[in-house]
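Data block for target-v2.cif (mmCIF, C-alpha atoms):
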```cif
data_coords
#
loop_
_atom_site.label_atom_id
_atom_site.label_comp_id
_atom_site.auth_asym_id
_atom_site.auth_seq_id
_atom_site.Cartn_x
_atom_site.Cartn_y
_atom_site.Cartn_z
CA MET C 236 125.62 149.66 65.21
CA ALA C 237 125.01 150.40 68.88
CA ASN C 238 121.41 151.40 68.24
CA VAL C 239 120.45 147.80 67.49
CA PHE C 240 121.19 146.91 71.08
CA ALA C 241 118.38 145.87 73.32
CA ASP C 242 120.23 146.08 76.61
CA ARG C 243 119.96 149.85 77.00
CA ALA C 244 117.03 152.15 76.33
CA LYS C 245 116.24 155.82 76.78
CA ILE C 246 112.62 156.65 77.65
CA TYR C 247 110.48 159.61 78.73
CA VAL C 248 108.08 159.19 81.64
CA ARG C 249 105.49 161.57 83.06
CA SER C 250 103.29 161.25 86.11
CA GLY C 251 99.74 162.54 86.03
CA LYS C 252 98.91 166.13 86.91
CA GLY C 253 96.59 166.61 89.84
CA GLY C 254 93.13 167.88 88.96
CA ASP C 255 92.39 171.50 89.86
CA GLY C 256 90.07 172.35 92.68
CA HIS C 257 86.77 173.85 91.58
CA VAL C 258 85.29 177.27 92.31
CA SER C 259 81.51 177.25 92.66
CA PHE C 260 78.78 178.40 95.05
CA ARG C 261 75.54 176.82 96.13
CA ARG C 262 72.61 177.98 94.04
CA GLU C 263 69.55 176.79 95.90
CA LEU C 264 65.99 178.06 95.98
CA TYR C 265 65.53 180.54 98.79
CA VAL C 266 69.32 180.66 99.34
CA PRO C 267 70.41 183.71 97.29
CA ASN C 268 73.97 183.80 98.65
CA GLY C 269 74.96 180.16 99.02
CA GLY C 270 78.39 179.28 100.40
CA PRO C 271 81.30 177.79 98.44
CA ASP C 272 80.83 174.20 97.30
CA GLY C 273 83.68 173.63 94.82
CA GLY C 274 84.95 170.03 94.92
CA ASP C 275 88.54 168.78 95.07
CA GLY C 276 90.48 167.65 92.03
CA GLY C 277 91.48 164.02 91.50
CA LYS C 278 95.00 162.70 92.11
CA GLY C 279 97.23 162.22 89.08
CA GLY C 280 98.35 158.72 88.09
CA ASP C 281 101.66 157.22 89.23
CA VAL C 282 104.50 155.85 87.06
CA ILE C 283 105.09 152.30 88.27
CA PHE C 284 107.76 149.76 87.27
CA VAL C 285 107.35 146.00 87.70
CA VAL C 286 109.64 143.07 86.89
CA ASP C 287 108.24 140.65 84.30
CA GLN C 288 110.02 137.30 84.46
CA GLY C 289 108.90 136.59 80.90
CA LEU C 290 111.06 139.38 79.47
CA ASN C 291 114.80 139.12 78.82
CA THR C 292 115.53 142.17 76.64
CA LEU C 293 114.64 145.87 76.51
CA SER C 294 113.65 145.62 72.86
CA ASP C 295 110.05 146.72 73.56
CA PHE C 296 111.36 150.15 74.51
CA LYS C 297 112.75 150.67 71.00
CA ASN C 298 109.19 151.03 69.72
CA ILE C 299 107.56 152.86 72.63
CA ARG C 300 109.66 155.60 74.18
CA LYS C 301 107.05 157.80 75.94
CA TYR C 302 105.01 156.68 78.93
CA LYS C 303 102.42 158.99 80.51
CA ALA C 304 100.12 158.42 83.46
CA GLY C 305 96.61 159.88 83.40
CA ASP C 306 95.80 163.34 84.77
CA GLY C 307 93.37 163.81 87.63
CA GLN C 308 90.05 165.41 86.74
CA GLU C 309 88.98 168.83 87.99
CA GLY C 310 86.64 168.95 90.94
CA GLY C 311 83.01 169.73 90.30
CA LYS C 312 80.06 171.62 91.77
CA LYS C 313 78.29 170.43 94.91
CA ARG C 314 81.56 169.23 96.43
CA CYS C 315 82.02 166.59 93.72
CA HIS C 316 85.51 165.06 93.76
CA GLY C 317 87.28 164.74 90.43
CA ALA C 318 88.26 161.24 89.24
CA ASN C 319 91.82 160.09 89.88
CA GLY C 320 94.17 159.69 86.91
CA LYS C 321 95.10 156.18 85.75
CA ASP C 322 98.48 154.79 86.78
CA ILE C 323 100.86 153.60 84.07
CA VAL C 324 102.64 150.29 84.71
CA ILE C 325 105.91 149.68 82.85
CA LYS C 326 107.16 146.09 82.67
CA VAL C 327 110.92 145.45 82.60
CA PRO C 328 113.01 142.26 82.56
CA PRO C 329 114.82 141.02 85.69
CA GLY C 330 118.15 142.77 86.11
CA THR C 331 117.01 146.20 84.86
CA VAL C 332 118.74 149.19 86.43
CA ILE C 333 116.87 152.50 86.19
CA LYS C 334 119.02 155.63 85.92
CA ASP C 335 118.35 159.34 85.56
CA TYR C 336 119.38 160.37 82.06
CA ASP C 337 120.59 163.87 82.96
CA THR C 338 122.85 162.89 85.87
CA GLY C 339 123.55 159.22 85.13
CA LYS C 340 122.71 158.42 88.78
CA ILE C 341 121.08 155.12 89.70
CA ILE C 342 117.52 155.52 90.97
CA ILE C 343 116.85 151.83 91.59
CA ASP C 344 118.11 148.39 90.66
CA MET C 345 115.01 146.30 89.92
CA ALA C 346 117.10 143.06 90.03
CA ASP C 347 114.55 140.32 90.90
CA ARG C 348 112.26 142.69 92.79
CA GLU C 349 108.82 141.15 93.37
CA GLU C 350 106.86 144.19 94.48
CA PRO C 351 105.94 147.10 92.17
CA PHE C 352 108.11 150.22 92.38
CA VAL C 353 106.46 153.63 92.25
CA LEU C 354 109.03 155.84 90.54
CA LEU C 355 107.00 159.03 90.08
CA GLU C 356 103.96 159.91 92.15
CA GLY C 357 101.01 161.60 90.52
CA GLY C 358 100.23 165.15 91.52
CA ARG C 359 97.94 165.81 94.46
CA GLY C 360 94.48 167.06 93.53
CA GLY C 361 93.80 170.70 94.34
CA LYS C 362 91.34 171.70 97.04
CA GLY C 363 88.04 173.26 96.01
CA ASN C 364 87.05 176.70 97.23
CA GLN C 365 84.88 175.11 99.95
CA HIS C 366 88.09 174.67 101.97
CA TYR C 367 89.03 178.37 101.93
CA ALA C 368 85.97 179.90 103.56
CA THR C 369 86.86 181.80 106.74
CA SER C 370 85.10 184.27 108.97
CA THR C 371 86.67 187.11 107.01
CA MET C 372 86.49 185.46 103.57
CA GLN C 373 83.10 183.74 103.32
CA ALA C 374 83.00 183.55 99.52
CA PRO C 375 86.52 182.71 98.30
CA ARG C 376 86.76 182.97 94.51
CA TYR C 377 89.85 180.81 94.25
CA ALA C 378 90.67 177.14 94.52
CA GLN C 379 93.93 175.25 94.75
CA PRO C 380 95.41 174.08 91.46
CA GLY C 381 96.40 170.44 91.22
CA GLN C 382 100.08 169.63 91.63
CA ILE C 383 102.07 169.70 88.45
CA ALA C 384 103.13 166.50 86.69
CA ILE C 385 106.72 165.28 87.01
CA GLU C 386 108.55 164.70 83.73
CA LYS C 387 111.78 162.71 83.57
CA THR C 388 114.04 161.11 81.00
CA LEU C 389 115.39 157.75 82.09
CA VAL C 390 118.00 155.26 80.96
CA LEU C 391 117.18 151.59 81.43
CA GLU C 392 120.16 149.24 81.53
CA LEU C 393 119.80 145.48 81.56
CA LYS C 394 122.39 143.63 83.60
CA MET C 395 121.53 139.98 83.11
CA ILE C 396 120.97 137.77 86.14
CA ALA C 397 122.63 134.41 85.46
CA ASP C 398 124.62 131.86 87.43
CA VAL C 399 127.15 131.23 84.67
CA GLY C 400 128.25 133.61 81.95
CA LEU C 401 129.96 132.59 78.70
CA VAL C 402 132.61 135.16 77.77
CA GLY C 403 135.15 135.36 74.98
CA PHE C 404 135.99 136.98 71.68
CA PRO C 405 133.42 136.88 68.88
CA SER C 406 132.94 133.60 66.99
CA VAL C 407 134.61 131.30 69.53
CA GLY C 408 131.45 129.20 69.87
CA LYS C 409 129.58 130.64 72.87
CA SER C 410 126.18 130.65 71.16
CA THR C 411 126.70 127.09 69.92
CA ILE C 412 127.52 125.94 73.46
CA LEU C 413 124.41 127.59 74.89
CA SER C 414 122.18 126.06 72.21
CA LYS C 415 123.60 122.59 72.94
CA VAL C 416 123.26 122.68 76.73
CA SER C 417 120.04 124.63 77.33
CA ASN C 418 116.61 125.51 76.04
CA ALA C 419 117.92 128.71 74.48
CA ARG C 420 117.97 128.99 70.70
CA PRO C 421 120.34 131.85 69.87
CA LYS C 422 120.96 132.85 66.27
CA ILE C 423 124.35 131.54 65.20
CA ALA C 424 126.58 132.68 62.36
CA ASP C 425 130.31 132.83 61.71
CA TYR C 426 131.05 136.53 61.84
CA HIS C 427 131.88 139.05 64.53
CA PHE C 428 129.17 140.42 66.79
CA THR C 429 126.62 137.86 65.67
CA THR C 430 125.08 137.95 69.13
CA LEU C 431 123.86 141.49 69.75
CA VAL C 432 121.55 140.58 72.62
CA PRO C 433 122.62 138.28 75.46
CA ASN C 434 120.70 135.02 75.55
CA LEU C 435 119.62 133.23 78.70
CA GLY C 436 119.17 129.46 78.91
CA VAL C 437 118.28 127.04 81.69
CA VAL C 438 120.78 124.17 81.92
CA GLY C 439 119.31 120.93 83.28
CA LEU C 440 121.57 118.29 84.87
CA SER C 441 120.69 114.94 86.41
CA ASP C 442 118.88 114.64 89.75
CA GLY C 443 116.95 117.86 89.18
CA ARG C 444 120.06 120.01 89.36
CA GLY C 445 120.49 122.99 87.10
CA PHE C 446 121.52 126.61 86.66
CA VAL C 447 120.97 129.61 84.41
CA MET C 448 123.58 130.28 81.73
CA ALA C 449 124.00 133.49 79.76
CA ASP C 450 125.72 133.88 76.41
CA ILE C 451 127.46 137.24 76.75
CA PRO C 452 128.15 138.87 73.36
CA GLY C 453 131.74 138.88 72.14
CA ILE C 454 134.21 141.20 73.80
CA ILE C 455 136.98 143.01 71.94
CA GLU C 456 140.18 144.62 73.17
CA GLY C 457 139.55 148.14 74.43
CA ALA C 458 136.02 147.21 75.53
CA ALA C 459 136.48 148.69 79.02
CA GLU C 460 137.33 152.03 77.41
CA GLY C 461 134.18 151.87 75.31
CA VAL C 462 135.78 150.66 72.07
CA GLY C 463 133.17 149.17 69.74
CA LEU C 464 130.24 147.64 71.59
CA GLY C 465 132.38 146.00 74.23
CA LEU C 466 131.49 148.27 77.13
CA ASP C 467 127.81 147.44 76.72
CA PHE C 468 128.68 143.74 76.70
CA LEU C 469 130.71 144.03 79.88
CA LYS C 470 127.72 145.46 81.76
CA HIS C 471 125.95 142.13 81.37
CA ILE C 472 128.61 140.13 83.18
CA GLU C 473 128.40 142.05 86.45
CA ARG C 474 125.74 139.82 87.99
CA THR C 475 127.09 136.41 86.88
CA ARG C 476 128.64 134.26 89.62
CA VAL C 477 130.93 132.06 87.49
CA LEU C 478 132.58 132.86 84.16
CA LEU C 479 133.22 130.28 81.44
CA HIS C 480 135.97 131.79 79.32
CA VAL C 481 135.60 130.23 75.85
CA VAL C 482 138.56 130.27 73.45
CA ASP C 483 139.09 128.94 69.93
CA ALA C 484 141.72 126.28 70.66
CA ALA C 485 142.06 125.50 66.94
CA SER C 486 142.92 129.12 66.06
CA VAL C 487 140.51 128.91 63.13
CA GLU C 488 140.84 132.65 62.57
CA GLY C 489 144.54 132.75 63.36
CA ARG C 490 144.04 133.89 66.96
CA ASP C 491 146.31 132.83 69.81
CA PRO C 492 144.14 131.32 72.62
CA ILE C 493 146.55 132.38 75.38
CA ALA C 494 146.73 135.94 74.07
CA ASP C 495 142.93 136.04 73.85
CA ILE C 496 142.53 134.92 77.45
CA GLU C 497 145.03 137.50 78.69
CA ALA C 498 143.44 140.26 76.61
CA ILE C 499 139.93 139.63 77.86
CA THR C 500 141.08 139.14 81.45
CA GLU C 501 142.69 142.57 81.17
CA GLU C 502 139.42 144.02 79.84
CA LEU C 503 137.53 142.55 82.79
CA ARG C 504 140.11 143.99 85.19
CA ASN C 505 139.97 147.43 83.57
CA TYR C 506 136.21 147.41 83.93
CA SER C 507 136.09 146.02 87.45
CA GLU C 508 138.67 144.34 89.68
CA GLU C 509 135.85 142.54 91.45
CA LEU C 510 134.60 141.18 88.12
CA ALA C 511 138.06 139.94 87.14
CA SER C 512 138.27 137.99 90.41
CA ARG C 513 135.10 135.93 89.80
CA PRO C 514 135.54 132.14 89.69
CA THR C 515 136.58 131.33 86.11
CA ILE C 516 136.86 128.18 84.00
CA ILE C 517 138.74 128.19 80.69
CA VAL C 518 136.89 126.25 77.97
CA ALA C 519 139.03 125.30 74.95
CA ASN C 520 136.54 124.82 72.10
CA LYS C 521 136.73 123.52 68.50
CA LEU C 522 138.99 120.56 69.31
CA ASP C 523 137.21 118.52 66.63
CA VAL C 524 139.17 120.29 63.86
CA LEU C 525 142.56 119.46 65.42
CA SER C 526 144.64 116.33 65.10
CA GLN C 527 145.30 114.42 68.31
CA GLU C 528 148.89 115.68 68.37
CA ASP C 529 147.90 119.33 67.89
CA ARG C 530 145.14 118.96 70.44
CA GLU C 531 147.53 117.71 73.12
CA GLU C 532 150.01 120.49 72.33
CA VAL C 533 147.39 123.28 72.65
CA LEU C 534 145.97 121.90 75.89
CA LYS C 535 149.44 121.52 77.41
CA LYS C 536 150.23 125.17 76.68
CA LEU C 537 146.96 126.31 78.21
CA LYS C 538 147.29 124.13 81.31
CA ASP C 539 150.93 125.09 81.86
CA LYS C 540 149.98 128.74 81.66
CA PHE C 541 146.79 128.86 83.77
CA GLU C 542 146.45 125.78 85.97
CA PRO C 543 146.13 125.13 88.86
CA ASP C 544 144.68 128.62 89.48
CA ILE C 545 142.19 128.37 86.64
CA PRO C 546 140.95 124.96 85.43
CA VAL C 547 141.20 124.28 81.68
CA LEU C 548 138.60 122.05 80.01
CA ALA C 549 138.62 120.73 76.45
CA ILE C 550 135.37 120.54 74.47
CA SER C 551 133.89 120.48 71.00
CA ALA C 552 130.56 122.31 70.86
CA ALA C 553 130.04 120.90 67.38
CA THR C 554 130.31 117.22 68.38
CA GLY C 555 129.36 117.50 72.06
CA GLU C 556 132.69 116.14 73.29
CA GLY C 557 133.52 117.29 76.84
CA ILE C 558 130.23 119.21 77.26
CA LYS C 559 128.90 117.07 80.13
CA GLU C 560 132.15 117.40 82.09
CA MET C 561 132.14 121.17 81.53
CA LEU C 562 128.62 121.49 82.96
CA GLU C 563 129.47 119.36 86.00
CA VAL C 564 132.57 121.45 86.74
CA ALA C 565 130.54 124.65 86.33
CA TYR C 566 127.85 123.34 88.71
CA LYS C 567 130.47 122.30 91.28
CA THR C 568 132.13 125.72 91.05
CA LEU C 569 128.75 127.39 91.65
CA GLN C 570 128.39 125.53 94.95
CA THR C 571 131.39 127.38 96.39
CA ALA C 572 130.95 130.69 94.53
CA PRO C 573 129.41 133.67 96.37
CA ASP C 574 125.64 133.28 96.05
CA THR C 575 124.64 136.88 96.63
CA VAL C 576 123.19 138.58 93.58
CA MET C 577 125.03 141.84 93.08
CA GLU C 578 122.70 144.81 93.44
CA PHE C 579 123.52 148.39 92.60
CA ASN C 580 122.77 150.95 95.30
CA PRO C 581 120.57 153.99 94.57
CA GLU C 582 122.52 157.20 94.07
CA ILE C 583 119.58 159.58 94.38
CA SER C 584 116.75 159.56 96.92
CA LEU C 585 113.21 158.95 95.73
CA GLU C 586 112.01 161.95 97.73
CA GLU C 587 114.47 164.17 95.91
CA TYR C 588 113.48 162.70 92.55
CA ASN C 589 109.78 163.30 93.22
CA SER C 590 110.23 166.86 94.44
CA ARG C 591 107.99 169.48 92.84
CA VAL C 592 107.19 173.10 93.58
CA GLU C 593 104.10 173.42 95.74
CA GLU C 594 101.63 175.80 94.12
CA LEU C 595 99.06 177.44 96.39
CA PRO C 596 96.27 179.39 94.70
CA TYR C 597 95.87 183.14 94.39
CA THR C 598 93.67 185.56 92.45
CA VAL C 599 94.37 188.87 90.68
CA GLU C 600 91.25 190.97 90.01
CA ARG C 601 90.13 194.51 89.31
CA SER C 602 88.02 195.94 92.13
CA GLU C 603 84.29 196.10 91.41
CA ASP C 604 84.09 199.41 93.32
CA ASP C 605 87.02 201.26 91.71
CA GLU C 606 88.52 200.49 88.29
CA HIS C 607 91.87 201.93 89.41
CA VAL C 608 92.22 199.45 92.27
CA PHE C 609 93.44 195.85 91.82
CA LEU C 610 93.16 193.09 94.42
CA VAL C 611 95.73 190.33 94.92
CA GLU C 612 94.58 187.61 97.34
CA GLY C 613 94.83 183.92 98.12
CA PRO C 614 96.74 181.41 100.31
CA ARG C 615 99.96 181.80 98.36
CA ILE C 616 99.93 185.54 99.05
CA GLU C 617 99.05 184.99 102.72
CA ARG C 618 101.90 182.53 103.15
CA MET C 619 104.37 184.97 101.57
CA LEU C 620 103.23 187.81 103.81
CA GLY C 621 103.65 185.54 106.84
CA TYR C 622 107.44 185.44 106.40
CA THR C 623 108.05 188.83 104.73
CA ASN C 624 108.58 192.16 106.50
CA LEU C 625 107.34 194.75 104.01
CA GLU C 626 108.60 197.61 106.17
CA ASP C 627 112.18 196.43 105.66
CA ASN C 628 114.03 197.32 102.43
CA LYS C 629 115.25 193.75 101.97
CA GLY C 630 111.76 192.37 102.66
CA PHE C 631 110.14 194.80 100.25
CA LYS C 632 112.63 193.82 97.54
CA PHE C 633 111.71 190.16 98.14
CA PHE C 634 108.02 191.09 97.80
CA GLN C 635 108.67 192.80 94.46
CA ASP C 636 110.62 189.78 93.15
CA PHE C 637 107.84 187.47 94.36
CA MET C 638 105.26 189.44 92.38
CA VAL C 639 107.38 189.15 89.22
CA LYS C 640 108.44 185.49 89.57
CA ASN C 641 104.92 184.28 90.28
CA GLY C 642 103.53 186.01 87.20
CA ILE C 643 101.39 188.43 89.21
CA ILE C 644 102.76 191.53 87.48
CA ASP C 645 102.00 189.94 84.11
CA GLU C 646 98.43 189.24 85.23
CA LEU C 647 98.01 192.84 86.40
CA LYS C 648 99.20 194.08 83.01
CA ALA C 649 96.79 191.70 81.27
CA LEU C 650 93.97 193.25 83.29
CA GLY C 651 95.00 196.70 82.04
CA ILE C 652 96.70 198.21 85.08
CA GLN C 653 98.12 201.70 84.47
CA GLU C 654 100.83 203.70 86.19
CA GLY C 655 99.40 205.32 89.31
CA ASP C 656 96.78 202.62 89.89
CA GLU C 657 96.66 200.96 93.31
CA VAL C 658 97.44 197.31 94.13
CA ARG C 659 95.93 196.08 97.39
CA VAL C 660 97.35 193.02 99.16
CA TYR C 661 95.53 192.17 102.41
CA GLY C 662 95.57 195.60 103.98
CA TRP C 663 98.66 196.82 102.18
CA GLY C 664 98.30 199.33 99.39
CA PHE C 665 100.93 200.02 96.70
CA GLU C 666 101.04 202.51 93.85
CA TYR C 667 101.81 200.81 90.56
CA ILE C 668 104.84 202.27 88.70
CA GLU C 669 105.97 201.13 85.25
#
```
Could you write out this structure as structure tokens?
Amino acid sequence: MANVFADRAKIYVRSGKGGDGHVSFRRELYVPNGGPDGGDGGKGGDVIFVVDQGLNTLSDFKNIRKYKAGDGQEGGKKRCHGANGKDIVIKVPPGTVIKDYDTGKIIIDMADREEPFVLLEGGRGGKGNQHYATSTMQAPRYAQPGQIAIEKTLVLELKMIADVGLVGFPSVGKSTILSKVSNARPKIADYHFTTLVPNLGVVGLSDGRGFVMADIPGIIEGAAEGVGLGLDFLKHIERTRVLLHVVDAASVEGRDPIADIEAITEELRNYSEELASRPTIIVANKLDVLSQEDREEVLKKLKDKFEPDIPVLAISAATGEGIKEMLEVAYKTLQTAPDTVMEFNPEISLEEYNSRVEELPYTVERSEDDEHVFLVEGPRIERMLGYTNLEDNKGFKFFQDFMVKNGIIDELKALGIQEGDEVRVYGWGFEYIE
């Protein structure tokens, strides 16, 4: 049943790969040995998230689960720069928290964020061979590859942003209340877990006053431990400032209102002490099916048990009785409730999340002068030699591992190197041994 939820989604995102730098040389009339003129590759596209106020579920992500930015184009001849890859913009509803799937860590809480958020940066374009000409290497035959793309699997969680949240067991009348007091039109039926997606509605009072109300799907006992779908429901309540705890005062399904209140309060406490301490109003619904005597008896029990700490209001969502008073009390409670929207702090740095291995270029070639000599050159090799002492046993072991890990040995084998052949690396010569 959980897969019908639209408050949590798992998606794959990929930034664009940087375009490779180009290797080319000027070929002009009367210039037989033109210099390098390979252009730079284009930058890969970014993965960008934006909040869309028109969305209130993650249901769109059930149909589209993969999001890829465009790759940068390779550089061209005559110093031509490759085109940049196209960014991909992903729209999410307010209140979306973005987490890393593998670690469960929060990357960012979009909340009501107005500015776009660049989650993954596209790869840098590689430099063309024009950049590698030196006094000793006037015709470099290598260019820098573009940076690799970054691939991630994310979890999107929607934690609704509402002033007032309706909580309670299934079928106590929360959806009916929301439909009566706001512009929301939730689907209503008389069976458990009717509401699978929280509904938001704007409640309008007199004098231009108003607030946002959310119908939080029914909670069951054991929800905080993940029983049924309750844990997913609880996540929605975290941002609400005031809780309206709706109970079936008529015990239509044989439930005890006081036991229900205590059970759900315990679930809130098990999930979060802070959540359990939010300003709460108990709303005793379905009074229209009770006789006057029974109605007075139920309300007395509730008030004796919970007031004055928690106010108890009597309503009938079906007939509208007590609804106006309930909204006024909720509005008044909001005026003294903490007005800061709860935001969840990042648990992983963006720099760490965007980290990628830097890949400098190199070439592996057979010498044109001697078929038994192979040349390994390029900035990656130069950088390695800059911090490696090949005359030291430990340094030489590092050099051997570097040649294997970077695929250089495999490239030498592909070129047909044989035992006894020589590998030259910027003035160093090594005999190849199988």
Can you list, as a ChimeraX atom specification, the residues that the PyMOL selection byres ((chain C and resi 270-287) around 6) selects here? /C:250-261,269,288-290,304-329,351-365
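The set of residues that the PyMOL selection byres ((chain C and resi 515) around 8) takes from this file is Val477, Leu478, Leu479, His480, Arg513, Pro514, Ile516, Ile517, Ile545 and Pro546 of chain C.
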By how many Å are CA of Glu617 in chain C and CA of Tyr588 in chain C apart?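 Computing it gives 28.4 Å between the two atoms.
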Can you work out the spacing between CA of Phe404 in chain C and CA of Tyr506 in chain C in Å, to one decimal?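 Pair CA of Phe404 in chain C / CA of Tyr506 in chain C returns 16.1 Å.
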Would you mind telling me which residue in C:Met345, C:Val608, C:Met372, C:Val447 lies nearest to Lys394 in chain C when using only C-alpha atoms? C:Met345
Of the candidates C:Thr500, C:Val533, C:Tyr597, C:Ala368, which shows the shortest atom-to-atom distance to Arg618 in chain C, using all atoms listed in the file?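 Residue with the minimum atom-to-atom distance to Arg618 in chain C: C:Tyr597.
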One decimal, Å: what's the distance from CA of Pro581 in chain C over to CA of Gly400 in chain C, could you say?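 CA of Pro581 in chain C sits 25.2 Å away from CA of Gly400 in chain C.
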Which residues of range 518-602 of chain C have any atom within 8 Å of an atom in range 333-341 of chain C when counting all atoms listed in the file, and what is the closest pair of atoms for each, with the distance in Å to one decimal? Order the rows by chain and rising number and write it as a Markdown table.
```
| residue | atom | partner | partner_atom | distance |
| --- | --- | --- | --- | --- |
| C:Phe579 | CA | C:Ile341 | CA | 7.7 |
| C:Asn580 | CA | C:Ile341 | CA | 7.2 |
| C:Pro581 | CA | C:Ile341 | CA | 5.0 |
| C:Glu582 | CA | C:Ile341 | CA | 5.0 |
| C:Ile583 | CA | C:Lys340 | CA | 6.5 |
```
Find the residues around Leu391 in chain C up to 6 Å (all atoms listed in the file counted), leave out those fewer than 4 positions away in its own chain, and share them as a PDB file with C-alpha atoms, keeping the file's coordinate frame.
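Everything below was put into part-v5.pdb:
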```pdb
ATOM      1  CA  ARG C 243     119.960 149.850  77.000  1.00  0.00           C
ATOM      2  CA  ALA C 244     117.030 152.150  76.330  1.00  0.00           C
ATOM      3  CA  VAL C 332     118.740 149.190  86.430  1.00  0.00           C
ATOM      4  CA  ILE C 333     116.870 152.500  86.190  1.00  0.00           C
TER       5      ILE C 333
END
```
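When all atoms listed in the file are used to measure the gap to Asp450 in chain C, the shortest distance among C:Ala511, C:Val416, C:Ile385, C:Ala484 belongs to C:Val416.
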Apply the PyMOL selection byres ((chain C and resi 638-652) around 8) to the structure shown and report the selected residues as a PyMOL selection string. chain C and resi 599-601+607+609+634-637+653-654+656+667
Using only C-alpha atoms, which residue out of C:Gly381, C:Ser417, C:Met561, C:Val399 lies closest to Pro596 in chain C?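 So, comparing all the options, the nearest one is C:Gly381.
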Range 436-438 of chain C environment, 12 Å, only C-alpha atoms, sequence neighbours closer than 2 positions dropped, as a VMD selection string: chain C and resid 291 395 to 401 410 to 421 433 to 434 440 to 441 443 to 451 558 to 559 561 to 563 565 to 566
Rebuild all heavy atoms on range 410-414 of chain C, as an mmCIF file, in the coordinates of the input?
```cif
data_model
loop_
_atom_site.group_PDB
_atom_site.id
_atom_site.type_symbol
_atom_site.label_atom_id
_atom_site.label_comp_id
_atom_site.auth_asym_id
_atom_site.auth_seq_id
_atom_site.Cartn_x
_atom_site.Cartn_y
_atom_site.Cartn_z
ATOM 1 N N SER C 410 127.597 130.877 71.495
ATOM 2 C CA SER C 410 126.180 130.650 71.160
ATOM 3 C C SER C 410 125.918 129.181 70.879
ATOM 4 O O SER C 410 124.864 128.647 71.246
ATOM 5 C CB SER C 410 125.782 131.495 69.947
ATOM 6 O OG SER C 410 125.871 132.876 70.242
ATOM 7 N N THR C 411 126.859 128.517 70.211
ATOM 8 C CA THR C 411 126.700 127.090 69.920
ATOM 9 C C THR C 411 126.648 126.279 71.211
ATOM 10 O O THR C 411 125.824 125.373 71.373
ATOM 11 C CB THR C 411 127.861 126.585 69.040
ATOM 12 O OG1 THR C 411 127.926 127.359 67.851
ATOM 13 C CG2 THR C 411 127.654 125.122 68.673
ATOM 14 N N ILE C 412 127.521 126.627 72.161
ATOM 15 C CA ILE C 412 127.520 125.940 73.460
ATOM 16 C C ILE C 412 126.178 126.105 74.144
ATOM 17 O O ILE C 412 125.574 125.125 74.611
ATOM 18 C CB ILE C 412 128.660 126.461 74.358
ATOM 19 C CG1 ILE C 412 130.023 126.070 73.775
ATOM 20 C CG2 ILE C 412 128.511 125.928 75.784
ATOM 21 C CD1 ILE C 412 131.211 126.700 74.494
ATOM 22 N N LEU C 413 125.674 127.341 74.208
ATOM 23 C CA LEU C 413 124.410 127.590 74.890
ATOM 24 C C LEU C 413 123.268 126.815 74.238
ATOM 25 O O LEU C 413 122.405 126.262 74.923
ATOM 26 C CB LEU C 413 124.105 129.090 74.905
ATOM 27 C CG LEU C 413 122.865 129.486 75.721
ATOM 28 C CD1 LEU C 413 123.077 129.200 77.205
ATOM 29 C CD2 LEU C 413 122.532 130.965 75.518
ATOM 30 N N SER C 414 123.255 126.768 72.918
ATOM 31 C CA SER C 414 122.180 126.060 72.210
ATOM 32 C C SER C 414 122.230 124.557 72.464
ATOM 33 O O SER C 414 121.214 123.874 72.447
ATOM 34 C CB SER C 414 122.254 126.345 70.711
ATOM 35 O OG SER C 414 123.413 125.765 70.143
#
```
